[in-house]
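Reviewing the structure listed below.
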Amino acid sequence: MPELPEVEVAARNLRRWAIGRRVRTVQADARARRILRPAAPRALAALAGARFEDVRRRGKNLLVTLTKGRGGHIGIWSHLGMTGKWLRRRTRDAPPRFARVRIDLDDGVTLHYADMRLFGRFRLVPDARFESLADIAALGPDPLNDGIDVDRLKDRLARTRLPIKVAILDQTLLPGVGNIQASEGLFRAGIDPRRAAKSLSRAELARLARGLLDSIRYTLKTFKQSGADGAGSDIEYVEERRIANPSLVYGRAGEPCPRHKRDTIVRIVQAQRATFFCRKCQR
DNA sequence: ACCCGTGTTCGCTG
DNA sequence: TCAGCGAACACGGG
């Protein structure tokens, strides 16, 4: 379930599990070829012997730096796509379902990158020079790490006729905001998702920035309290634990609006994606 | 059997 | 020239 909060959890997990550890071996299954770059699974051997030094998150991207040899570095650019997960298992245990890449560490732990639909990415980055990647360089400031600059938002949206819900999914504008957080942020801000992006006032955009950040932080807090961040379990990343839906409106078509309960949440489709909102309190 | 899906990219169009 | 649109990717889950 990867938007900014889920990827942030993955980053924290990887730090706790791997920083300081050395890579023994790396393996990928045949279908992983689709998400790998270089595409040949054996190219992953370049990671053998490297030591995890740093894990950063920019939007939905995980940027992992490992040290190798004397002063050398190698990077992993990981994107979870729709169904990607980083999981931890004992090396001797069976791999999880849909495991695509496994990294055996020097402490008996194996990190598995699992991805059912293979929309994710797993790319080796020579010298860990992530800034040299066009897609990474193009990302805007990260909302959680850097905050949201309302004036920049206003400038960037000044000529955009797209509906605001569609516009804020642009990762060069608000990296990490996805389909869930977009609906949630607009609900918290009381803004109709169908409005043209350019029609929003500065005050409305300030409310939207606040709504998005509140929703992101609330979602993170919910993961933590439910144990879905894996912090409470020693080995198993909590995969199957049922956690309460932390969304106010996403996936809640037909349910009463959580604000006034006198109208129901509706589902519409914008740019081929579901949007949830309340007609009464979002203008 | 049918519809839906938390993401991104690509080719086409006006 | 480029913003915007729709298909495509792959594989379940309900």
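All residue names refer to the structure tokens as shown: chains lettered A, B, ... in order, residues numbered from 1 in each chain, ligands numbered from 1 in order.
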- Message: Could you work out which residues of chain A fall inside 9 Å of chain C? Count only C-alpha atoms (C1' of nucleotides), and format the result as a VMD selection string.
- Response: chain A and resid 116 to 119 160 162 271 to 272
Contact table chain A vs chain B, cut-off 8 Å, shortest pair per residue, only C-alpha atoms (C1' of nucleotides), as CSV:
residue,atom,partner,partner_atom,distance
A:Met1,CA,B:DT6,C1',4.8
A:Pro2,CA,B:DT6,C1',5.5
A:Glu3,CA,B:DT6,C1',6.1
A:Gly81,CA,B:DG7,C1',5.2
A:Met82,CA,B:DG7,C1',5.5
A:Phe119,CA,B:DG7,C1',7.3
A:Gly178,CA,B:DT6,C1',6.9
A:Asn179,CA,B:DT6,C1',6.4
A:Ile180,CA,B:DT6,C1',6.3
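Distances to A:Arg259 were evaluated for A:Gly211, A:Gly190, A:Gly72, A:Pro175 using only C-alpha atoms, and the minimum falls at A:Gly190.
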- Give me, please, the distance in Å between atom CA of A:Arg121 and atom CA of A:Gly185, quoted to one decimal. 26.9 Å
- Message: I'd like the contact shell of stretch 163-174 of chain A - 8 Å cut-off, only C-alpha atoms (C1' of nucleotides), skipping same-chain residues fewer than 6 positions apart - returned as a PyMOL selection string.
- Response: chain A and resi 59+138-143+148+153+156-157+182-183+186+193-197+270-271+275
- Within 7 Å of A:Thr67 using only C-alpha atoms (C1' of nucleotides), minus same-chain residues under 4 positions, as a PyMOL selection string: chain A and resi 50-53+71-74
- Item | Backbone-only DSSP, strand (DSSP E) members of stretch 29-255 of chain A, as a PyMOL selection string | chain A and resi 36-37+51-58+61-68+72-79+84-90+99-105+109-115+121-126
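Separating atom CA of A:Leu124 from atom CA of A:His79 is a distance of 12.0 Å.
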